[in-house]
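A.B. asks: Here you go, one structure.
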Amino acid sequence: MSLTTLSITQPDDWHLHLRDGEALKTTVAHSARVFARAIVMPNLKPPVTTVAQALSYRQRIVSCIPKGSTFDPLMTLYLTEQLNSQEVQRAHEADCVQGIKFYPAGATTNSESGVAELECVYPALEKMAEVGLPLLIHGEVTDTEIDIFDRERVFIETILEPLTQKFPKLKIVLEHITTKDAVDFVSRQGKNIAATITPHHLLLNRNDLLAGGVRPHFYCLPILKRNIHQRALIEAATSGNSKFFLGTDSAPHSIETKETSCGCAGIYSAHAALELYTEVFEAEGALDKLEGFASFFGADFYNLPRNQTQITLSKTPFTVPKEYSFGSGSVIPMRANESISWSAYEATK
Ligand code: DOR
Ligand code: ZN
């Protein structure tokens with residue numbers, strides 16, 4: 001008999017873009033509906049590069065948390081070549097800063113201030129390894145000669161592998177992995193190296209993006225790959241291996257910036273992320289593995305307590321609205337106007 005309701009420990013989102021300003025009203029409410037905590041990405045304009053900026057950004061997020069919710073935004077700093085070890089120390093001492101995000105310069109949205117010369121950030125990485133502050137990596141090379149579908153694999157071979165050898169103690173999360181190469185690499189490493197997996201990379205492949213017409217709302221980075229890679233991600237997520245955990249990379253952009261001749265990368269999934277993951281685990285016959293992936297392994301990796309609250313999922317379909325308001329415009333969510341087969345109820349204490 002198939003399950004029709006499922007209660008699990010409340011999950012956390014270990015990779016999230018909330019944006020800033022008016023947009024927070026929508027994005028924070030959506031994430032706080034289901035998730036207890038989230039690691040908030042720092043790629044604002046300008047980026048969040050200091051602990052002081054992270055704390056003030058956190059205040060703006062907290063002011064948008066709906067009444068009654070105990071949602072806890074965990075902050076990150078944006079790794080620049082100017083980040084010094086004193087600031088890393090301050091980040092380590094600030095309870096609500098949980099990691100530092102490495103964007104190769106030019107790899108993705110608002111990554112212009114990222115790292116161009118890796119050697120320049122060695123002192124910061126050394127300090128991070130010493131204090132145990134995780135490095136969160138956007139793992140794609142930026143060399144325009146490298147095919148966009150190969151950029152993650154080449155990053156692993158030419159940058160990540162040497163980096164792990166130079167800093168063997170550094171805690172690393174390879175974010176939003178998209179390839180079998182990444183699954184294999186992370187699986188081979190020690191306990192200090194883990195990966196997040198998004199709902200869109202589990203549910204979609206490059207045919208969904210390109211076959212029969214270009215779908216700009218499925219354009220994200222790293223780009224969707226072929227189905228053998230999607231398959232490897234599904235197997236990793238549903239395997240019960242604690243190196244792989246939930247991180248939505250929900251990344252909203254307004255309709256105008258997606259539906260244009262040169263559109264932004266990012267898929268918005270925060271409105272229904274847990275329900276989308278649940279579809280994947282159900283299709284695999286692995287609903288018993290959902291709680292580890294969604295609620296335990298990330299907290300364990302970050303040395304944070306597991307949540308005490310529970311959330312209930314019911315096999316009750318609902319239709320996603322065609323859009324949500326987003327600042328002065330709107331955002332098209334994943335599954336817009338379509339049905340999702342599970343509904344999550346708000347967390348109960
Ligand atoms: O698709 C993406 N969107 N990938 C990223 O790495 C950044 C993100 C964003 O901020 O829009
Ligand atoms: Zn991201």
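Identifiers in the structure tokens: chain A, B, ... in order shown; residue index from 1 per chain; ligand index from 1 in order shown.
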Find the residues near Ala36 in chain A: any atom within 9 Å, counting only C-alpha atoms, skip ones fewer than 3 places away on the same chain, and give them as a ChimeraX atom specification.

C.D. replies: /A:10-13,31-33,69-73,307,309,347

A.B. asks: Limited to all heavy atoms, could you put the picked residues into a file as an mmCIF file, in the first residue's frame?

C.D. replies:
```cif
data_model
loop_
_atom_site.group_PDB
_atom_site.id
_atom_site.type_symbol
_atom_site.label_atom_id
_atom_site.label_comp_id
_atom_site.auth_asym_id
_atom_site.auth_seq_id
_atom_site.Cartn_x
_atom_site.Cartn_y
_atom_site.Cartn_z
ATOM 1 N N GLN A 10 11.106 18.605 10.991
ATOM 2 C CA GLN A 10 11.062 19.773 10.106
ATOM 3 C C GLN A 10 12.394 19.934 9.354
ATOM 4 O O GLN A 10 13.476 19.857 9.952
ATOM 5 C CB GLN A 10 10.767 21.036 10.928
ATOM 6 C CG GLN A 10 10.317 22.188 10.054
ATOM 7 C CD GLN A 10 10.018 23.448 10.842
ATOM 8 O OE1 GLN A 10 10.107 23.471 12.075
ATOM 9 N NE2 GLN A 10 9.674 24.499 10.130
ATOM 10 N N PRO A 11 12.343 20.152 8.041
ATOM 11 C CA PRO A 11 13.576 20.236 7.246
ATOM 12 C C PRO A 11 14.223 21.629 7.283
ATOM 13 O O PRO A 11 13.626 22.594 7.759
ATOM 14 C CB PRO A 11 13.099 19.922 5.834
ATOM 15 C CG PRO A 11 11.681 20.376 5.812
ATOM 16 C CD PRO A 11 11.143 20.192 7.205
ATOM 17 N N ASP A 12 15.422 21.722 6.752
ATOM 18 C CA ASP A 12 16.151 22.977 6.565
ATOM 19 C C ASP A 12 16.558 23.065 5.096
ATOM 20 O O ASP A 12 16.736 22.049 4.441
ATOM 21 C CB ASP A 12 17.427 22.995 7.417
ATOM 22 C CG ASP A 12 17.162 22.742 8.889
ATOM 23 O OD1 ASP A 12 16.423 23.534 9.493
ATOM 24 O OD2 ASP A 12 17.697 21.743 9.426
ATOM 25 N N ASP A 13 16.739 24.303 4.634
ATOM 26 C CA ASP A 13 17.198 24.508 3.256
ATOM 27 C C ASP A 13 18.639 25.023 3.316
ATOM 28 O O ASP A 13 18.887 26.154 3.730
ATOM 29 C CB ASP A 13 16.282 25.520 2.555
ATOM 30 C CG ASP A 13 16.646 25.711 1.093
ATOM 31 O OD1 ASP A 13 17.719 25.231 0.678
ATOM 32 O OD2 ASP A 13 15.856 26.349 0.361
ATOM 33 N N SER A 31 9.640 30.263 2.282
ATOM 34 C CA SER A 31 10.596 29.343 2.912
ATOM 35 C C SER A 31 10.199 29.032 4.348
ATOM 36 O O SER A 31 10.318 27.887 4.798
ATOM 37 C CB SER A 31 12.018 29.916 2.857
ATOM 38 O OG SER A 31 12.471 29.894 1.521
ATOM 39 N N ALA A 32 9.709 30.059 5.070
ATOM 40 C CA ALA A 32 9.368 29.885 6.494
ATOM 41 C C ALA A 32 8.149 28.981 6.688
ATOM 42 O O ALA A 32 7.934 28.448 7.768
ATOM 43 C CB ALA A 32 9.122 31.236 7.141
ATOM 44 N N ARG A 33 7.361 28.790 5.641
ATOM 45 C CA ARG A 33 6.173 27.932 5.752
ATOM 46 C C ARG A 33 6.564 26.500 6.119
ATOM 47 O O ARG A 33 5.875 25.822 6.876
ATOM 48 C CB ARG A 33 5.407 27.937 4.416
ATOM 49 C CG ARG A 33 4.116 27.143 4.407
ATOM 50 C CD ARG A 33 3.471 27.205 3.029
ATOM 51 N NE ARG A 33 4.266 26.537 2.012
ATOM 52 C CZ ARG A 33 4.159 25.253 1.676
ATOM 53 N NH1 ARG A 33 3.270 24.481 2.267
ATOM 54 N NH2 ARG A 33 4.933 24.734 0.739
ATOM 55 N N SER A 69 6.139 32.225 13.221
ATOM 56 C CA SER A 69 7.167 31.345 12.662
ATOM 57 C C SER A 69 8.488 31.550 13.413
ATOM 58 O O SER A 69 8.817 32.665 13.803
ATOM 59 C CB SER A 69 7.378 31.672 11.179
ATOM 60 O OG SER A 69 8.599 31.120 10.741
ATOM 61 N N THR A 70 9.239 30.468 13.574
ATOM 62 C CA THR A 70 10.544 30.586 14.232
ATOM 63 C C THR A 70 11.682 30.414 13.220
ATOM 64 O O THR A 70 12.790 30.029 13.574
ATOM 65 C CB THR A 70 10.688 29.526 15.349
ATOM 66 O OG1 THR A 70 10.455 28.243 14.755
ATOM 67 C CG2 THR A 70 9.690 29.737 16.464
ATOM 68 N N PHE A 71 11.383 30.691 11.972
ATOM 69 C CA PHE A 71 12.364 30.568 10.885
ATOM 70 C C PHE A 71 13.672 31.284 11.272
ATOM 71 O O PHE A 71 13.654 32.425 11.719
ATOM 72 C CB PHE A 71 11.774 31.176 9.616
ATOM 73 C CG PHE A 71 12.656 31.083 8.407
ATOM 74 C CD1 PHE A 71 12.957 29.851 7.844
ATOM 75 C CD2 PHE A 71 13.155 32.230 7.802
ATOM 76 C CE1 PHE A 71 13.758 29.769 6.708
ATOM 77 C CE2 PHE A 71 13.950 32.156 6.665
ATOM 78 C CZ PHE A 71 14.245 30.928 6.121
ATOM 79 N N ASP A 72 14.781 30.599 11.060
ATOM 80 C CA ASP A 72 16.087 31.125 11.473
ATOM 81 C C ASP A 72 17.014 31.229 10.252
ATOM 82 O O ASP A 72 17.539 30.218 9.782
ATOM 83 C CB ASP A 72 16.680 30.161 12.522
ATOM 84 C CG ASP A 72 17.994 30.656 13.081
ATOM 85 O OD1 ASP A 72 18.381 31.813 12.825
ATOM 86 O OD2 ASP A 72 18.648 29.857 13.785
ATOM 87 N N PRO A 73 17.202 32.439 9.718
ATOM 88 C CA PRO A 73 18.095 32.578 8.563
ATOM 89 C C PRO A 73 19.561 32.512 8.991
ATOM 90 O O PRO A 73 19.991 33.274 9.862
ATOM 91 C CB PRO A 73 17.759 33.965 8.000
ATOM 92 C CG PRO A 73 16.894 34.645 9.000
ATOM 93 C CD PRO A 73 16.598 33.719 10.132
ATOM 94 N N ASN A 307 16.341 19.646 14.117
ATOM 95 C CA ASN A 307 15.110 20.299 14.572
ATOM 96 C C ASN A 307 14.279 19.349 15.424
ATOM 97 O O ASN A 307 14.323 18.128 15.231
ATOM 98 C CB ASN A 307 14.291 20.782 13.363
ATOM 99 C CG ASN A 307 15.049 21.834 12.580
ATOM 100 O OD1 ASN A 307 15.619 22.740 13.181
ATOM 101 N ND2 ASN A 307 15.071 21.707 11.264
ATOM 102 N N THR A 309 10.874 20.071 15.839
ATOM 103 C CA THR A 309 9.507 20.180 15.320
ATOM 104 C C THR A 309 9.274 19.160 14.209
ATOM 105 O O THR A 309 10.220 18.632 13.627
ATOM 106 C CB THR A 309 9.294 21.597 14.781
ATOM 107 O OG1 THR A 309 10.472 21.964 14.074
ATOM 108 C CG2 THR A 309 9.073 22.591 15.903
ATOM 109 N N ALA A 347 4.509 23.559 10.148
ATOM 110 C CA ALA A 347 5.162 22.837 11.234
ATOM 111 C C ALA A 347 4.369 22.973 12.530
ATOM 112 O O ALA A 347 3.768 24.000 12.799
ATOM 113 C CB ALA A 347 6.553 23.412 11.434
#
```

A.B. asks: DSSP on the backbone: which residues in range 47-281 of chain A end up as strand (DSSP E or B)? Give the answer as a CSV table (one decimal) with N, CA, C and O atoms, in the first residue's frame.

C.D. replies:
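Okay, states_28.csv is ready:
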```
chain,number,residue,atom,x,y,z
A,72,ASP,N,14.8,30.6,11.1
A,72,ASP,CA,16.1,31.1,11.5
A,72,ASP,C,17.0,31.2,10.3
A,72,ASP,O,17.5,30.2,9.8
A,73,PRO,N,17.2,32.4,9.7
A,73,PRO,CA,18.1,32.6,8.6
A,73,PRO,C,19.6,32.5,9.0
A,73,PRO,O,20.0,33.3,9.9
A,74,LEU,N,20.3,31.6,8.4
A,74,LEU,CA,21.7,31.5,8.7
A,74,LEU,C,22.5,32.1,7.5
A,74,LEU,O,22.2,31.9,6.4
A,75,MET,N,23.4,33.0,7.9
A,75,MET,CA,24.0,33.8,6.9
A,75,MET,C,25.4,33.3,6.4
A,75,MET,O,26.0,32.5,7.0
A,76,THR,N,25.7,33.9,5.2
A,76,THR,CA,27.0,33.5,4.6
A,76,THR,C,27.7,34.8,4.1
A,76,THR,O,27.0,35.8,3.9
A,77,LEU,N,29.0,34.8,4.0
A,77,LEU,CA,29.8,35.9,3.4
A,77,LEU,C,30.2,35.5,2.0
A,77,LEU,O,30.4,34.3,1.7
A,78,TYR,N,30.4,36.5,1.2
A,78,TYR,CA,30.8,36.3,-0.2
A,78,TYR,C,32.3,36.4,-0.2
A,78,TYR,O,32.9,37.4,0.2
A,97,VAL,N,26.4,33.3,11.3
A,97,VAL,CA,27.1,33.2,10.1
A,97,VAL,C,27.7,31.7,10.0
A,97,VAL,O,28.3,31.3,10.9
A,98,GLN,N,27.3,31.0,9.0
A,98,GLN,CA,27.6,29.6,9.0
A,98,GLN,C,28.5,29.1,7.8
A,98,GLN,O,28.8,27.9,7.7
A,99,GLY,N,28.9,30.1,6.9
A,99,GLY,CA,29.7,29.6,5.8
A,99,GLY,C,30.2,30.8,5.0
A,99,GLY,O,29.7,31.9,5.2
A,100,ILE,N,31.1,30.5,4.1
A,100,ILE,CA,31.6,31.5,3.2
A,100,ILE,C,31.5,31.0,1.8
A,100,ILE,O,31.8,29.8,1.5
A,101,LYS,N,30.9,31.8,0.9
A,101,LYS,CA,30.5,31.3,-0.5
A,101,LYS,C,31.5,31.7,-1.5
A,101,LYS,O,31.9,32.9,-1.6
A,102,PHE,N,32.0,30.7,-2.2
A,102,PHE,CA,33.0,30.9,-3.3
A,102,PHE,C,32.3,30.9,-4.6
A,102,PHE,O,31.9,29.8,-5.1
A,104,PRO,N,33.4,31.5,-8.4
A,104,PRO,CA,34.4,31.9,-9.4
A,104,PRO,C,33.9,33.1,-10.1
A,104,PRO,O,32.8,33.2,-10.5
A,115,VAL,N,36.0,35.2,-7.1
A,115,VAL,CA,37.4,34.9,-7.0
A,115,VAL,C,38.0,34.7,-8.5
A,115,VAL,O,37.5,33.9,-9.2
A,135,LEU,N,33.3,26.1,3.5
A,135,LEU,CA,33.4,26.8,2.2
A,135,LEU,C,32.3,26.3,1.3
A,135,LEU,O,32.3,25.0,1.1
A,136,LEU,N,31.4,27.1,0.9
A,136,LEU,CA,30.3,26.7,0.0
A,136,LEU,C,30.7,27.1,-1.4
A,136,LEU,O,30.9,28.2,-1.7
A,137,ILE,N,30.7,26.1,-2.3
A,137,ILE,CA,31.3,26.3,-3.6
A,137,ILE,C,30.3,26.3,-4.8
A,137,ILE,O,29.5,25.3,-4.9
A,172,ILE,N,33.9,21.5,3.1
A,172,ILE,CA,33.4,22.0,1.8
A,172,ILE,C,32.0,21.5,1.5
A,172,ILE,O,31.8,20.3,1.7
A,173,VAL,N,31.1,22.4,1.0
A,173,VAL,CA,29.9,21.9,0.4
A,173,VAL,C,29.9,22.3,-1.0
A,173,VAL,O,30.0,23.4,-1.4
A,174,LEU,N,29.9,21.2,-1.9
A,174,LEU,CA,29.8,21.5,-3.3
A,174,LEU,C,28.3,21.7,-3.6
A,174,LEU,O,27.6,20.7,-3.4
A,193,ILE,N,33.6,16.7,3.2
A,193,ILE,CA,33.1,17.2,1.9
A,193,ILE,C,31.8,16.6,1.6
A,193,ILE,O,31.6,15.4,1.7
A,194,ALA,N,30.8,17.5,1.4
A,194,ALA,CA,29.4,17.1,1.2
A,194,ALA,C,28.9,17.9,0.0
A,194,ALA,O,29.6,18.7,-0.7
A,195,ALA,N,27.6,17.6,-0.4
A,195,ALA,CA,27.0,18.3,-1.5
A,195,ALA,C,25.5,18.6,-1.3
A,195,ALA,O,24.9,17.7,-0.6
A,196,THR,N,25.0,19.7,-1.8
A,196,THR,CA,23.6,19.9,-1.8
A,196,THR,C,23.0,19.5,-3.2
A,196,THR,O,23.7,19.6,-4.2
A,197,ILE,N,21.7,19.1,-3.2
A,197,ILE,CA,21.1,18.8,-4.5
A,197,ILE,C,19.7,19.5,-4.5
A,197,ILE,O,19.0,19.6,-3.6
A,244,PHE,N,24.9,13.8,1.0
A,244,PHE,CA,24.1,14.5,0.1
A,244,PHE,C,22.8,15.0,0.9
A,244,PHE,O,22.1,14.2,1.5
A,245,PHE,N,22.6,16.3,0.8
A,245,PHE,CA,21.4,16.8,1.5
A,245,PHE,C,20.8,18.0,0.8
A,245,PHE,O,21.2,18.4,-0.3
A,246,LEU,N,19.6,18.4,1.3
A,246,LEU,CA,18.7,19.3,0.7
A,246,LEU,C,19.3,20.8,0.6
A,246,LEU,O,19.6,21.3,1.6
A,250,SER,N,16.7,27.8,-4.6
A,250,SER,CA,15.6,28.6,-5.1
A,250,SER,C,16.1,30.0,-5.4
A,250,SER,O,16.7,30.7,-4.5
A,267,ILE,N,15.9,29.3,-10.9
A,267,ILE,CA,14.6,28.7,-10.9
A,267,ILE,C,14.0,28.9,-9.5
A,267,ILE,O,14.7,28.7,-8.5
A,268,TYR,N,12.7,29.4,-9.4
A,268,TYR,CA,12.1,29.6,-8.1
A,268,TYR,C,11.3,28.4,-7.6
A,268,TYR,O,10.4,28.0,-8.3
```

A.B. asks: Pick out each residue of range 50-275 of chain A that DSSP on the backbone tags as helix (DSSP H, G or I); I need them as a PyMOL selection string.

C.D. replies: chain A and resi 51-62+85-93+118-131+148-166+180-188+199-203+206-210+216-218+227-237+255-258+273-275

A.B. asks: Could you give me the residues within 10 Å of ligand 2, counting only C-alpha atoms and all ligand atoms, as number ranges by chain?

C.D. replies: A: 15-17, 40-43, 101, 103, 108-109, 136-138, 175-176, 198, 220-222, 247-251, 265-267

A.B. asks: Now that the selection is made, can you save its residues with C-alpha atoms as an mmCIF file, in the first residue's frame?

C.D. replies:
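Result went into out15.cif, see below:
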```cif
data_model
loop_
_atom_site.group_PDB
_atom_site.id
_atom_site.type_symbol
_atom_site.label_atom_id
_atom_site.label_comp_id
_atom_site.auth_asym_id
_atom_site.auth_seq_id
_atom_site.Cartn_x
_atom_site.Cartn_y
_atom_site.Cartn_z
ATOM 1 C CA HIS A 15 21.164 26.774 -0.068
ATOM 2 C CA LEU A 16 18.713 29.608 -0.644
ATOM 3 C CA HIS A 17 18.486 32.974 -2.405
ATOM 4 C CA VAL A 40 21.084 32.422 2.795
ATOM 5 C CA MET A 41 23.288 33.208 -0.190
ATOM 6 C CA PRO A 42 25.218 36.498 -0.183
ATOM 7 C CA ASN A 43 25.121 37.392 -3.913
ATOM 8 C CA LYS A 101 30.508 31.304 -0.457
ATOM 9 C CA TYR A 103 31.836 32.124 -6.653
ATOM 10 C CA THR A 108 26.794 33.096 -12.411
ATOM 11 C CA THR A 109 24.350 35.792 -11.230
ATOM 12 C CA LEU A 136 30.307 26.683 0.011
ATOM 13 C CA ILE A 137 31.296 26.311 -3.614
ATOM 14 C CA HIS A 138 29.673 27.200 -6.908
ATOM 15 C CA GLU A 175 26.572 23.276 -3.961
ATOM 16 C CA HIS A 176 23.771 22.305 -6.347
ATOM 17 C CA THR A 198 18.209 20.970 -5.826
ATOM 18 C CA CYS A 220 19.668 27.904 -14.186
ATOM 19 C CA LEU A 221 23.334 27.476 -13.358
ATOM 20 C CA PRO A 222 24.864 25.002 -13.325
ATOM 21 C CA GLY A 247 19.578 22.743 -0.770
ATOM 22 C CA THR A 248 16.976 24.219 -3.088
ATOM 23 C CA ASP A 249 19.014 26.983 -4.755
ATOM 24 C CA SER A 250 15.613 28.616 -5.119
ATOM 25 C CA ALA A 251 16.658 31.709 -7.090
ATOM 26 C CA ALA A 265 19.768 32.049 -14.477
ATOM 27 C CA GLY A 266 17.610 30.804 -11.631
ATOM 28 C CA ILE A 267 14.557 28.678 -10.860
#
```

A.B. asks: Considering only C-alpha atoms, return as a VMD selection string whatever protein or nucleic-acid residues lie within 7 Å of range 272-278 of chain A, sequence-local ones (same chain, fewer than 2 positions apart) excluded.

C.D. replies: chain A and resid 199 248 269 to 270 280 to 282 342 to 344

A.B. asks: Restrict the selected residues to N, CA and C atoms and save them as a PDB file, in the first residue's frame.

C.D. replies:
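The resulting file, out.pdb, is shown below:
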```pdb
ATOM      1  N   PRO A 199      15.803  20.617  -6.096  1.00  0.00           N
ATOM      2  CA  PRO A 199      14.659  19.886  -6.659  1.00  0.00           C
ATOM      3  C   PRO A 199      14.651  19.925  -8.182  1.00  0.00           C
ATOM      4  N   THR A 248      17.846  23.998  -1.919  1.00  0.00           N
ATOM      5  CA  THR A 248      16.976  24.219  -3.088  1.00  0.00           C
ATOM      6  C   THR A 248      17.634  25.038  -4.190  1.00  0.00           C
ATOM      7  N   SER A 269      11.742  27.848  -6.498  1.00  0.00           N
ATOM      8  CA  SER A 269      11.084  26.627  -6.004  1.00  0.00           C
ATOM      9  C   SER A 269      10.673  26.715  -4.539  1.00  0.00           C
ATOM     10  N   ALA A 270      10.954  27.854  -3.892  1.00  0.00           N
ATOM     11  CA  ALA A 270      10.740  27.927  -2.438  1.00  0.00           C
ATOM     12  C   ALA A 270       9.273  27.748  -2.039  1.00  0.00           C
ATOM     13  N   VAL A 280       9.964  13.166  -5.876  1.00  0.00           N
ATOM     14  CA  VAL A 280      11.128  12.404  -6.346  1.00  0.00           C
ATOM     15  C   VAL A 280      11.330  11.152  -5.487  1.00  0.00           C
ATOM     16  N   PHE A 281      11.273  11.342  -4.168  1.00  0.00           N
ATOM     17  CA  PHE A 281      11.501  10.205  -3.266  1.00  0.00           C
ATOM     18  C   PHE A 281      10.391   9.177  -3.409  1.00  0.00           C
ATOM     19  N   GLU A 282       9.156   9.639  -3.615  1.00  0.00           N
ATOM     20  CA  GLU A 282       8.060   8.687  -3.795  1.00  0.00           C
ATOM     21  C   GLU A 282       8.261   7.876  -5.072  1.00  0.00           C
ATOM     22  N   TRP A 342       1.897  16.313  -3.660  1.00  0.00           N
ATOM     23  CA  TRP A 342       1.947  16.313  -2.197  1.00  0.00           C
ATOM     24  C   TRP A 342       1.711  17.722  -1.665  1.00  0.00           C
ATOM     25  N   SER A 343       1.133  17.816  -0.461  1.00  0.00           N
ATOM     26  CA  SER A 343       1.005  19.113   0.216  1.00  0.00           C
ATOM     27  C   SER A 343       1.645  18.989   1.588  1.00  0.00           C
ATOM     28  N   ALA A 344       2.402  19.998   1.961  1.00  0.00           N
ATOM     29  CA  ALA A 344       3.017  20.014   3.306  1.00  0.00           C
ATOM     30  C   ALA A 344       2.204  20.945   4.190  1.00  0.00           C
TER      31      ALA A 344
END
```

A.B. asks: Which residue is closest to Ile65 in chain A? Choose from A:Ala237, A:Ala105, A:Leu24, A:Val88 and count only C-alpha atoms.

C.D. replies: A:Leu24
